[in-house]
$ cat start00.cif   # mmCIF, C-alpha atoms
data_coords
#
loop_
_atom_site.label_atom_id
_atom_site.label_comp_id
_atom_site.auth_asym_id
_atom_site.auth_seq_id
_atom_site.Cartn_x
_atom_site.Cartn_y
_atom_site.Cartn_z
CA MET A 233 -128.09 127.68 96.65
CA GLU A 234 -131.73 128.72 96.62
CA PHE A 235 -133.73 130.03 99.57
CA SER A 236 -136.18 132.69 100.73
CA PHE A 237 -135.55 134.40 104.04
CA HIS A 238 -137.45 137.11 105.88
CA ASN A 239 -137.24 137.78 109.60
CA PRO A 240 -139.39 140.77 110.55
CA THR A 241 -138.55 140.89 114.27
CA GLY A 242 -136.75 144.02 115.39
CA ILE A 243 -134.06 143.45 118.04
CA GLU A 244 -133.29 145.90 120.85
CA PHE A 245 -130.18 144.51 122.55
CA GLY A 246 -128.59 145.85 125.73
CA LYS A 247 -129.13 146.99 129.28
CA GLY A 248 -132.05 149.37 129.80
CA LYS A 249 -133.61 148.74 126.41
CA ILE A 250 -137.06 148.05 127.91
CA LYS A 251 -137.78 151.76 127.72
CA GLU A 252 -137.98 151.38 123.94
CA ILE A 253 -141.28 149.48 124.16
CA ALA A 254 -143.03 152.74 125.03
CA ASN A 255 -142.62 153.71 121.37
CA LEU A 256 -142.79 150.24 119.85
CA ILE A 257 -146.36 149.55 120.98
CA PRO A 258 -149.03 151.94 119.65
CA LYS A 259 -150.38 154.17 122.44
CA ASP A 260 -153.98 153.30 121.59
CA ASN A 261 -153.38 149.57 121.97
CA LYS A 262 -154.53 147.79 125.12
CA VAL A 263 -151.69 145.53 126.20
CA LEU A 264 -151.69 142.15 127.91
CA VAL A 265 -148.43 141.60 129.83
CA VAL A 266 -147.77 137.86 130.17
CA TYR A 267 -145.16 136.27 132.43
CA GLY A 268 -144.27 133.02 134.17
CA GLY A 269 -143.74 132.26 137.83
CA GLY A 270 -143.05 135.81 138.97
CA SER A 271 -139.27 136.05 138.67
CA ILE A 272 -139.73 139.25 136.65
CA LYS A 273 -140.86 140.93 139.86
CA LYS A 274 -137.53 140.01 141.47
CA ASN A 275 -135.12 140.88 138.67
CA GLY A 276 -136.52 144.34 137.96
CA ALA A 277 -138.07 143.56 134.58
CA TYR A 278 -141.63 144.00 135.82
CA ASP A 279 -140.98 147.45 137.27
CA GLN A 280 -139.31 148.58 134.04
CA VAL A 281 -142.23 147.28 131.99
CA VAL A 282 -144.67 149.15 134.23
CA GLU A 283 -142.69 152.35 133.71
CA ALA A 284 -142.48 151.84 129.96
CA LEU A 285 -146.24 151.26 129.72
CA LYS A 286 -147.26 154.22 131.89
CA ASP A 287 -149.03 155.84 128.94
CA HIS A 288 -150.73 152.60 127.84
CA GLN A 289 -153.75 150.73 129.07
CA TRP A 290 -152.67 147.27 130.14
CA VAL A 291 -153.62 144.16 132.11
CA GLU A 292 -151.50 141.20 133.15
CA PHE A 293 -151.55 137.41 133.14
CA GLY A 294 -149.06 135.34 135.12
CA GLY A 295 -148.40 131.70 135.85
CA VAL A 296 -147.25 130.37 132.47
CA GLU A 297 -145.51 127.03 133.06
CA VAL A 298 -141.98 126.02 132.07
CA ASN A 299 -143.63 123.95 129.33
CA PRO A 300 -146.65 126.11 128.48
CA THR A 301 -149.94 124.24 128.29
CA VAL A 302 -153.04 125.00 126.27
CA GLU A 303 -155.00 124.59 129.48
CA THR A 304 -153.23 127.61 130.98
CA MET A 305 -152.99 129.67 127.81
CA ASN A 306 -156.69 129.23 127.05
CA LYS A 307 -157.30 131.19 130.26
CA ALA A 308 -155.15 133.96 128.81
CA VAL A 309 -157.27 133.81 125.64
CA GLU A 310 -160.40 134.33 127.74
CA LEU A 311 -158.81 137.39 129.34
CA ILE A 312 -157.77 138.75 125.93
CA LYS A 313 -161.35 138.55 124.70
CA ALA A 314 -162.90 139.90 127.89
CA GLU A 315 -160.56 142.89 128.09
CA GLY A 316 -160.41 143.72 124.37
CA VAL A 317 -156.63 143.28 124.22
CA ASP A 318 -154.90 144.58 121.08
CA PHE A 319 -151.27 143.67 121.78
CA ILE A 320 -149.51 140.94 123.78
CA LEU A 321 -146.20 141.57 125.56
CA ALA A 322 -144.38 138.38 126.59
CA VAL A 323 -141.96 138.98 129.47
CA GLY A 324 -139.85 135.90 130.15
CA GLY A 325 -138.20 133.04 128.29
CA GLY A 326 -139.19 130.73 125.48
CA SER A 327 -142.07 129.16 127.39
CA VAL A 328 -143.81 132.48 127.96
CA ILE A 329 -143.15 133.53 124.37
CA ASP A 330 -144.47 130.30 122.88
CA GLY A 331 -147.53 130.46 125.10
CA CYS A 332 -148.17 134.00 123.87
CA LYS A 333 -147.81 132.95 120.24
CA TYR A 334 -150.46 130.30 120.80
CA ALA A 335 -152.75 132.76 122.61
CA ALA A 336 -152.29 135.44 119.94
CA ALA A 337 -153.51 133.05 117.23
CA THR A 338 -156.21 131.32 119.28
CA ALA A 339 -157.77 134.62 120.36
CA LEU A 340 -158.66 135.31 116.72
CA TYR A 341 -159.73 131.75 115.88
CA ASP A 342 -163.25 130.37 116.23
CA GLY A 343 -162.19 126.79 116.90
CA ASP A 344 -159.95 124.96 119.39
CA GLY A 345 -156.41 126.35 119.35
CA TRP A 346 -155.02 122.80 119.51
CA ASP A 347 -156.07 122.57 115.86
CA PHE A 348 -152.88 124.50 115.03
CA LEU A 349 -150.79 121.91 116.87
CA ASP A 350 -152.32 118.76 115.40
CA GLY A 351 -152.38 120.14 111.87
CA THR A 352 -156.15 120.43 111.57
CA ALA A 353 -155.89 124.16 110.86
CA GLU A 354 -153.29 126.77 109.91
CA VAL A 355 -153.00 130.15 111.56
CA GLN A 356 -154.61 132.78 109.36
CA LYS A 357 -154.17 135.77 111.67
CA ALA A 358 -152.90 136.62 115.13
CA LEU A 359 -152.63 139.52 117.53
CA PRO A 360 -149.28 141.34 117.44
CA ILE A 361 -146.65 140.26 119.97
CA GLY A 362 -143.66 141.94 121.55
CA VAL A 363 -141.06 140.29 123.77
CA VAL A 364 -138.93 141.24 126.74
CA LEU A 365 -136.48 138.34 126.99
CA THR A 366 -135.25 137.43 130.47
CA LEU A 367 -133.97 133.90 129.81
CA ALA A 368 -131.82 132.98 126.82
CA ALA A 369 -132.31 129.56 125.25
CA THR A 370 -134.94 128.93 122.63
CA GLY A 371 -134.61 131.77 120.12
CA SER A 372 -138.40 131.99 120.14
CA GLU A 373 -138.15 135.76 120.52
CA SER A 374 -137.37 136.15 116.81
CA ASN A 375 -138.69 133.09 115.03
CA ASN A 376 -142.03 131.74 113.80
CA LEU A 377 -142.05 128.49 115.78
CA THR A 378 -144.54 127.73 118.56
CA VAL A 379 -144.25 124.77 120.96
CA VAL A 380 -146.96 124.05 123.53
CA SER A 381 -148.23 121.06 125.51
CA ARG A 382 -151.56 119.55 126.43
CA LYS A 383 -151.69 118.05 129.90
CA THR A 384 -154.81 115.99 129.35
CA THR A 385 -153.13 113.86 126.67
CA ASP A 386 -149.42 114.15 127.62
CA GLU A 387 -148.60 115.74 124.27
CA LYS A 388 -146.05 118.36 123.31
CA ARG A 389 -146.45 119.62 119.74
CA MET A 390 -145.22 122.46 117.54
CA TYR A 391 -146.23 124.49 114.51
CA PHE A 392 -144.78 127.19 112.27
CA SER A 393 -146.59 130.32 111.15
CA ASN A 394 -145.39 133.61 109.72
CA HIS A 395 -148.13 135.22 111.82
CA SER A 396 -146.18 134.19 114.93
CA TYR A 397 -143.08 136.34 114.49
CA PRO A 398 -142.86 138.88 117.33
CA GLN A 399 -142.81 142.46 116.09
CA PHE A 400 -139.89 143.25 118.37
CA ALA A 401 -137.74 141.63 121.04
CA VAL A 402 -135.90 143.42 123.83
CA LEU A 403 -132.79 141.45 124.80
CA ASP A 404 -131.43 142.82 128.09
CA PRO A 405 -128.77 140.43 129.45
CA SER A 406 -128.79 142.09 132.86
CA PHE A 407 -132.01 140.23 133.73
CA MET A 408 -130.13 136.94 133.54
CA GLY A 409 -128.32 137.70 136.78
CA THR A 410 -131.02 136.03 138.87
CA LEU A 411 -131.19 132.84 136.79
CA SER A 412 -130.14 129.55 138.33
CA ASP A 413 -127.17 127.53 137.12
CA ARG A 414 -129.69 125.01 135.82
CA GLN A 415 -131.35 127.64 133.63
CA LEU A 416 -128.04 128.94 132.29
CA GLY A 417 -126.80 125.43 131.50
CA ASN A 418 -130.09 124.56 129.85
CA GLY A 419 -129.86 127.65 127.65
CA LEU A 420 -126.35 126.84 126.49
CA VAL A 421 -127.20 123.26 125.56
CA ASP A 422 -130.50 124.24 123.94
CA ALA A 423 -128.65 126.61 121.60
CA PHE A 424 -125.98 123.98 120.88
CA VAL A 425 -128.62 121.48 119.76
CA HIS A 426 -130.51 124.11 117.75
CA ILE A 427 -127.36 124.70 115.72
CA SER A 428 -126.83 120.96 115.37
CA GLU A 429 -130.30 120.34 113.93
CA GLN A 430 -129.43 122.72 111.09
CA TYR A 431 -125.74 121.83 110.69
CA LEU A 432 -125.12 118.15 111.47
CA THR A 433 -126.94 116.86 108.40
CA LYS A 434 -125.37 116.76 104.93
CA THR A 435 -122.24 118.42 103.58
CA ASN A 436 -122.91 121.44 101.40
CA ASP A 437 -121.25 124.40 99.67
CA LEU A 438 -122.83 127.14 101.79
CA LEU A 439 -119.77 128.83 103.24
CA VAL A 440 -121.74 131.44 105.19
CA ASN A 441 -124.06 128.95 106.88
CA ASP A 442 -121.36 126.49 107.90
CA GLY A 443 -118.92 129.19 108.91
CA TYR A 444 -121.46 131.01 111.04
CA ALA A 445 -122.71 127.79 112.64
CA GLU A 446 -119.15 126.88 113.57
CA THR A 447 -118.58 130.35 115.00
CA LEU A 448 -121.67 129.99 117.19
CA TYR A 449 -120.54 126.52 118.29
CA LYS A 450 -117.13 127.89 119.25
CA GLY A 451 -118.79 130.64 121.25
CA LEU A 452 -120.81 128.12 123.24
CA VAL A 453 -117.75 125.95 123.83
CA THR A 454 -115.89 129.01 125.14
CA LEU A 455 -118.78 129.82 127.49
CA ALA A 456 -118.78 126.22 128.74
CA GLN A 457 -115.01 126.35 129.30
CA ARG A 458 -115.44 129.60 131.23
CA TRP A 459 -118.44 128.39 133.18
CA ASP A 460 -116.98 129.86 136.36
CA GLU A 461 -117.58 133.32 134.83
CA ARG A 462 -121.30 132.70 134.21
CA ARG A 463 -122.32 135.43 136.67
CA THR A 464 -120.55 138.13 134.67
CA LEU A 465 -122.31 140.39 132.20
CA TRP A 466 -120.02 139.50 129.29
CA TRP A 467 -120.83 135.80 129.70
CA GLN A 468 -124.56 136.41 129.85
CA GLU A 469 -124.49 138.88 126.95
CA ASN A 470 -122.80 136.35 124.74
CA LEU A 471 -125.12 133.52 125.71
CA MET A 472 -128.18 135.66 124.99
CA HIS A 473 -126.78 136.73 121.62
CA ILE A 474 -125.79 133.21 120.57
CA CYS A 475 -129.11 131.69 121.64
CA ASN A 476 -130.93 134.25 119.52
CA GLN A 477 -128.78 133.62 116.46
CA ALA A 478 -128.93 129.84 116.86
CA LEU A 479 -132.63 129.72 116.01
CA ASN A 480 -133.75 132.73 114.03
CA PHE A 481 -133.49 130.27 111.10
CA GLN A 482 -130.78 132.18 109.28
CA LEU A 483 -128.64 129.02 109.62
CA ALA A 484 -131.37 127.04 107.86
CA ASN A 485 -131.17 128.98 104.61
CA GLY A 486 -130.60 126.52 101.77
CA VAL A 487 -129.65 123.55 103.97
CA CYS A 488 -131.50 120.38 104.91
CA GLN A 489 -132.49 120.12 108.56
CA ASP A 490 -132.89 117.24 110.99
CA TRP A 491 -135.02 118.03 114.13
CA SER A 492 -135.35 114.37 115.12
CA THR A 493 -133.54 115.06 118.41
CA HIS A 494 -136.18 117.66 119.22
CA ILE A 495 -139.08 115.45 118.21
CA ILE A 496 -137.86 112.62 120.44
CA GLY A 497 -137.04 115.08 123.21
CA HIS A 498 -140.52 116.59 123.12
CA GLU A 499 -141.99 113.20 123.98
CA LEU A 500 -139.62 112.76 126.91
CA THR A 501 -140.76 116.13 128.21
CA ALA A 502 -144.43 115.33 127.64
CA PHE A 503 -144.29 111.96 129.42
CA TYR A 504 -141.65 112.54 132.10
CA GLY A 505 -141.36 116.29 132.60
CA LEU A 506 -137.69 116.56 131.60
CA ASP A 507 -136.50 120.11 131.00
CA HIS A 508 -136.47 120.70 127.25
CA ALA A 509 -132.68 121.10 127.04
CA ARG A 510 -132.12 118.05 129.22
CA SER A 511 -134.24 115.93 126.92
CA LEU A 512 -132.03 117.05 124.03
CA ALA A 513 -128.77 116.36 125.88
CA VAL A 514 -129.70 112.71 126.46
CA ILE A 515 -130.70 112.15 122.83
CA LEU A 516 -128.35 114.02 120.46
CA PRO A 517 -125.07 112.18 121.23
CA HIS A 518 -126.75 108.79 120.95
CA LEU A 519 -128.62 109.76 117.80
CA LEU A 520 -125.28 110.70 116.23
CA ARG A 521 -123.87 107.31 117.18
CA GLU A 522 -126.87 105.46 115.77
CA MET A 523 -126.99 107.51 112.54
CA ILE A 524 -123.22 107.76 112.09
CA ASP A 525 -123.21 106.33 108.55
CA GLU A 526 -125.30 109.28 107.36
CA LYS A 527 -123.76 111.95 109.54
CA GLN A 528 -120.08 111.06 109.63
CA ASP A 529 -118.99 113.53 106.93
CA LYS A 530 -120.56 116.53 108.63
CA LEU A 531 -119.56 115.26 112.06
CA ALA A 532 -115.96 115.08 110.86
CA GLN A 533 -116.15 118.68 109.64
CA PHE A 534 -117.63 119.72 112.98
CA GLY A 535 -114.98 117.87 114.95
CA LYS A 536 -112.12 119.38 112.97
CA ASN A 537 -113.37 122.97 112.84
CA VAL A 538 -114.88 123.25 116.33
CA PHE A 539 -112.91 120.84 118.54
CA GLY A 540 -109.74 120.31 116.52
CA ILE A 541 -110.33 116.55 116.45
CA GLU A 542 -109.80 114.59 113.24
CA ASN A 543 -110.61 111.04 112.14
CA ASN A 544 -112.28 109.97 115.37
CA ASN A 545 -116.09 110.11 115.46
CA GLU A 546 -116.39 108.71 118.97
CA ALA A 547 -113.88 111.22 120.34
CA ILE A 548 -115.90 114.05 118.77
CA ILE A 549 -119.17 112.85 120.28
CA ASN A 550 -117.47 112.31 123.65
CA LYS A 551 -116.19 115.88 123.53
CA MET A 552 -119.70 117.14 122.82
CA GLU A 553 -120.97 115.19 125.82
CA LYS A 554 -118.26 116.76 128.00
CA VAL A 555 -119.50 120.21 126.97
CA PHE A 556 -123.04 119.32 128.05
CA GLU A 557 -121.91 117.71 131.28
CA SER A 558 -119.60 120.60 132.14
CA VAL A 559 -122.63 122.89 132.48
CA GLY A 560 -124.61 120.40 134.50
CA LEU A 561 -126.62 118.43 131.95
CA PRO A 562 -126.42 114.62 131.97
CA THR A 563 -126.09 112.86 128.63
CA ARG A 564 -127.63 109.58 129.79
CA LEU A 565 -131.36 108.95 130.15
CA SER A 566 -130.45 106.62 133.01
CA ALA A 567 -129.63 109.76 135.05
CA TYR A 568 -133.37 110.36 135.44
CA GLU A 569 -136.24 108.37 136.91
CA ILE A 570 -137.65 106.94 133.69
CA ASP A 571 -139.89 103.86 133.70
CA ASP A 572 -139.39 100.82 131.50
CA LYS A 573 -142.22 101.96 129.20
CA VAL A 574 -140.24 104.86 127.75
CA VAL A 575 -139.65 103.25 124.35
CA GLU A 576 -143.25 102.10 124.11
CA ASN A 577 -144.56 105.52 125.11
CA VAL A 578 -142.41 107.41 122.63
CA GLN A 579 -143.10 104.99 119.79
CA ASN A 580 -146.86 105.07 120.37
CA ALA A 581 -146.77 108.87 120.38
CA PHE A 582 -144.78 108.86 117.16
CA LYS A 583 -147.30 106.54 115.54
CA SER A 584 -150.22 108.75 116.57
CA HIS A 585 -148.47 111.84 115.23
CA GLY A 586 -147.35 110.20 112.01
CA TYR A 587 -143.65 110.55 112.90
CA THR A 588 -142.53 107.24 111.39
CA GLU A 589 -139.78 108.55 109.09
CA ILE A 590 -138.09 111.69 110.41
CA GLY A 591 -134.66 113.31 110.11
CA GLU A 592 -133.03 114.95 107.10
CA ASN A 593 -133.22 111.72 105.11
CA GLY A 594 -136.43 110.32 106.57
CA THR A 595 -134.42 107.42 107.97
CA VAL A 596 -134.98 107.93 111.69
CA THR A 597 -137.64 105.22 111.87
CA LEU A 598 -139.44 103.78 114.88
CA ASP A 599 -136.77 101.09 115.01
CA LYS A 600 -134.03 103.73 115.07
CA VAL A 601 -135.85 105.68 117.80
CA GLU A 602 -135.91 102.55 119.95
CA LYS A 603 -132.18 102.01 119.44
CA ILE A 604 -131.35 105.65 120.20
CA ILE A 605 -133.30 105.60 123.46
CA ASN A 606 -131.83 102.26 124.48
CA ARG A 607 -128.32 103.60 123.78
CA SER A 608 -129.03 106.50 126.13
CA ILE A 609 -130.32 104.19 128.85
CA ALA A 610 -127.51 101.67 128.56
CA ALA A 611 -124.64 104.13 128.23
#

$ encode --input "start00.cif" --output "structure tokens"
Amino acid sequence: MEFSFHNPTGIEFGKGKIKEIANLIPKDNKVLVVYGGGSIKKNGAYDQVVEALKDHQWVEFGGVEVNPTVETMNKAVELIKAEGVDFILAVGGGSVIDGCKYAAATALYDGDGWDFLDGTAEVQKALPIGVVLTLAATGSESNNLTVVSRKTTDEKRMYFSNHSYPQFAVLDPSFMGTLSDRQLGNGLVDAFVHISEQYLTKTNDLLVNDGYAETLYKGLVTLAQRWDERRTLWWQENLMHICNQALNFQLANGVCQDWSTHIIGHELTAFYGLDHARSLAVILPHLLREMIDEKQDKLAQFGKNVFGIENNNEAIINKMEKVFESVGLPTRLSAYEIDDKVVENVQNAFKSHGYTEIGENGTVTLDKVEKIINRSIAA
């Protein structure tokens, strides 16, 4: 059991916590407030941010997409440079946050920010970021992962940098009241798969990691079972808390990780525009079936401790699918309008990115990716 762990993001959790940003951002900093399609002006978050920043100089940038693109975020970089911005405040969900992480690094970089995504360069410095979370799903508000897309090449890539941790994150569940059922279901499944990428790998002796992962799983299963209560504050509080804990990388301490479901899912989003969580829901169950020889021990532990199912891998995976489907996410790629080039497209993208041996054992090969996708189509 050996690991290093440091998460510098401060968490302010609860209703009305936006007021705390008045003291969390230095008064002499000029702030760029970044948001998505404008929902923050309907749910009250924008007005509370304006009040909290009444003693600050600030400008705003809106229109960040559901899957943030470098084409859009480069416009934010231009604004940062033109206005002399010192601090970026992301108000929204994971897409807005990831876009801000990219902009914060690119604004202080002389080259093309895509260099961070294709591995040409590593982030050496970035502007400080704060977050007001309005949509629970990705955990991006307190981790060092950035995921952005490039429209011109149909690519969705990611990078890690310790310069990308937000300084603070305000988690106010009351803003989730205006979210659609689709967004709530996506958030639940996204968190479920985040846990799985760190848990459904190899058996280990880390009692804290496994025990906490199973606790988070059980919480999500409870929320799925009580889906009819999704408009209540307790439901939304718990989803926001679990989503945060699912990917602040505490679960990853000392364990091997997979992430092949995400890597495949990213290509489905890049080529076909699937919501991130929906791309994961159509891949994870079929990846487990295809890789069952390697994952059966941990899957058995999961089935017993989370679902109370023993000695039946298929029943466990079926139960997982029922959880996803109960909150509105299909588990079959055939549920979407996907052309017959999907395998070719994903495999070609994998080849160009060098993703020929992924997963915790490096055994998710191009051949396995083809079989996983075909399972999802045929199921």

$ resolve_selection --input "start00.cif" --expression "the PyMOL selection byres ((chain A and resi 325) around 6)" --output "number ranges by chain"
A: 324, 326-328, 365-367

$ resolve_selection --input "start00.cif" --expression "the PyMOL selection byres ((chain A and resi 263) around 7)" --output "PyMOL selection string"
chain A and resi 261-262+264-265+289-291+317-321

$ resolve_selection --input "start00.cif" --expression "the PyMOL selection byres ((chain A and resi 375) around 8)" --output "JSON, numbers by chain"
{"A": [239, 241, 371, 372, 373, 374, 376, 377, 396, 397, 398, 479, 480, 481]}

$ write_last_selection --input "start00.cif" --atoms "C-alpha atoms" --output "mmCIF file, in the coordinates of the input"
data_model
loop_
_atom_site.group_PDB
_atom_site.id
_atom_site.type_symbol
_atom_site.label_atom_id
_atom_site.label_comp_id
_atom_site.auth_asym_id
_atom_site.auth_seq_id
_atom_site.Cartn_x
_atom_site.Cartn_y
_atom_site.Cartn_z
ATOM 1 C CA ASN A 239 -137.240 137.780 109.600
ATOM 2 C CA THR A 241 -138.550 140.890 114.270
ATOM 3 C CA GLY A 371 -134.610 131.770 120.120
ATOM 4 C CA SER A 372 -138.400 131.990 120.140
ATOM 5 C CA GLU A 373 -138.150 135.760 120.520
ATOM 6 C CA SER A 374 -137.370 136.150 116.810
ATOM 7 C CA ASN A 376 -142.030 131.740 113.800
ATOM 8 C CA LEU A 377 -142.050 128.490 115.780
ATOM 9 C CA SER A 396 -146.180 134.190 114.930
ATOM 10 C CA TYR A 397 -143.080 136.340 114.490
ATOM 11 C CA PRO A 398 -142.860 138.880 117.330
ATOM 12 C CA LEU A 479 -132.630 129.720 116.010
ATOM 13 C CA ASN A 480 -133.750 132.730 114.030
ATOM 14 C CA PHE A 481 -133.490 130.270 111.100
#

$ residues_around --input "start00.cif" --residues "region 410-423 of chain A" --least-positions-apart "4" --cutoff "6 Å" --atoms "only C-alpha atoms" --output "PyMOL selection string"
chain A and resi 368-369+475+478+509+559

$ residues_around --input "start00.cif" --residues "Phe534 (chain A)" --least-positions-apart "3" --cutoff "9 Å" --atoms "only C-alpha atoms" --output "PyMOL selection string"
chain A and resi 431-432+446+529-531+537-541+548

$ write_last_selection --input "start00.cif" --atoms "C-alpha atoms" --output "mmCIF file, in the frame of the given file"
data_model
loop_
_atom_site.group_PDB
_atom_site.id
_atom_site.type_symbol
_atom_site.label_atom_id
_atom_site.label_comp_id
_atom_site.auth_asym_id
_atom_site.auth_seq_id
_atom_site.Cartn_x
_atom_site.Cartn_y
_atom_site.Cartn_z
ATOM 1 C CA TYR A 431 -125.740 121.830 110.690
ATOM 2 C CA LEU A 432 -125.120 118.150 111.470
ATOM 3 C CA GLU A 446 -119.150 126.880 113.570
ATOM 4 C CA ASP A 529 -118.990 113.530 106.930
ATOM 5 C CA LYS A 530 -120.560 116.530 108.630
ATOM 6 C CA LEU A 531 -119.560 115.260 112.060
ATOM 7 C CA ASN A 537 -113.370 122.970 112.840
ATOM 8 C CA VAL A 538 -114.880 123.250 116.330
ATOM 9 C CA PHE A 539 -112.910 120.840 118.540
ATOM 10 C CA GLY A 540 -109.740 120.310 116.520
ATOM 11 C CA ILE A 541 -110.330 116.550 116.450
ATOM 12 C CA ILE A 548 -115.900 114.050 118.770
#

$ atom_distance --input "start00.cif" --atom1 "CA of Gly316 (chain A)" --atom2 "CA of Phe400 (chain A)"
21.4 Å

$ atom_distance --input "start00.cif" --atom1 "CA of Asn476 (chain A)" --atom2 "CA of Gly345 (chain A)"
26.7 Å

$ atom_distance --input "start00.cif" --atom1 "CA of Leu561 (chain A)" --atom2 "CA of Thr493 (chain A)"
15.6 Å

$ closest_residue --input "start00.cif" --among "A:Gly268, A:Gly276, A:Gly594, A:Pro562" --to "Thr304 (chain A)" --atoms "all atoms listed in the file"
A:Gly268

$ closest_atom_pairs --input "start00.cif" --of "region 373-476 of chain A" --to "region 329-332 of chain A" --cutoff "7 Å" --atoms "all atoms listed in the file" --output "tab-separated table"
residue	atom	partner	partner_atom	distance
A:Glu373	CA	A:Ile329	CA	6.7
A:Thr378	CA	A:Asp330	CA	5.0
A:Val379	CA	A:Asp330	CA	5.9
A:Val380	CA	A:Gly331	CA	6.6

$ closest_residue --input "start00.cif" --among "A:Gln430, A:Pro300, A:Ile474, A:Lys247" --to "Thr447 (chain A)" --atoms "all atoms listed in the file"
A:Ile474

$ closest_residue --input "start00.cif" --among "A:Ile604, A:Ala277, A:Ala284, A:Leu500" --to "Pro405 (chain A)" --atoms "all atoms listed in the file"
A:Ala277

$ closest_residue --input "start00.cif" --among "A:Asp490, A:Asp287, A:Glu569, A:Glu592" --to "Ile609 (chain A)" --atoms "only C-alpha atoms"
A:Glu569

$ closest_residue --input "start00.cif" --among "A:Gly560, A:Gly343, A:Gly248, A:Gly294" --to "Ala322 (chain A)" --atoms "all atoms listed in the file"
A:Gly294

$ closest_residue --input "start00.cif" --among "A:Ser236, A:Thr464, A:Thr370, A:Ser393" --to "Glu354 (chain A)" --atoms "all atoms listed in the file"
A:Ser393
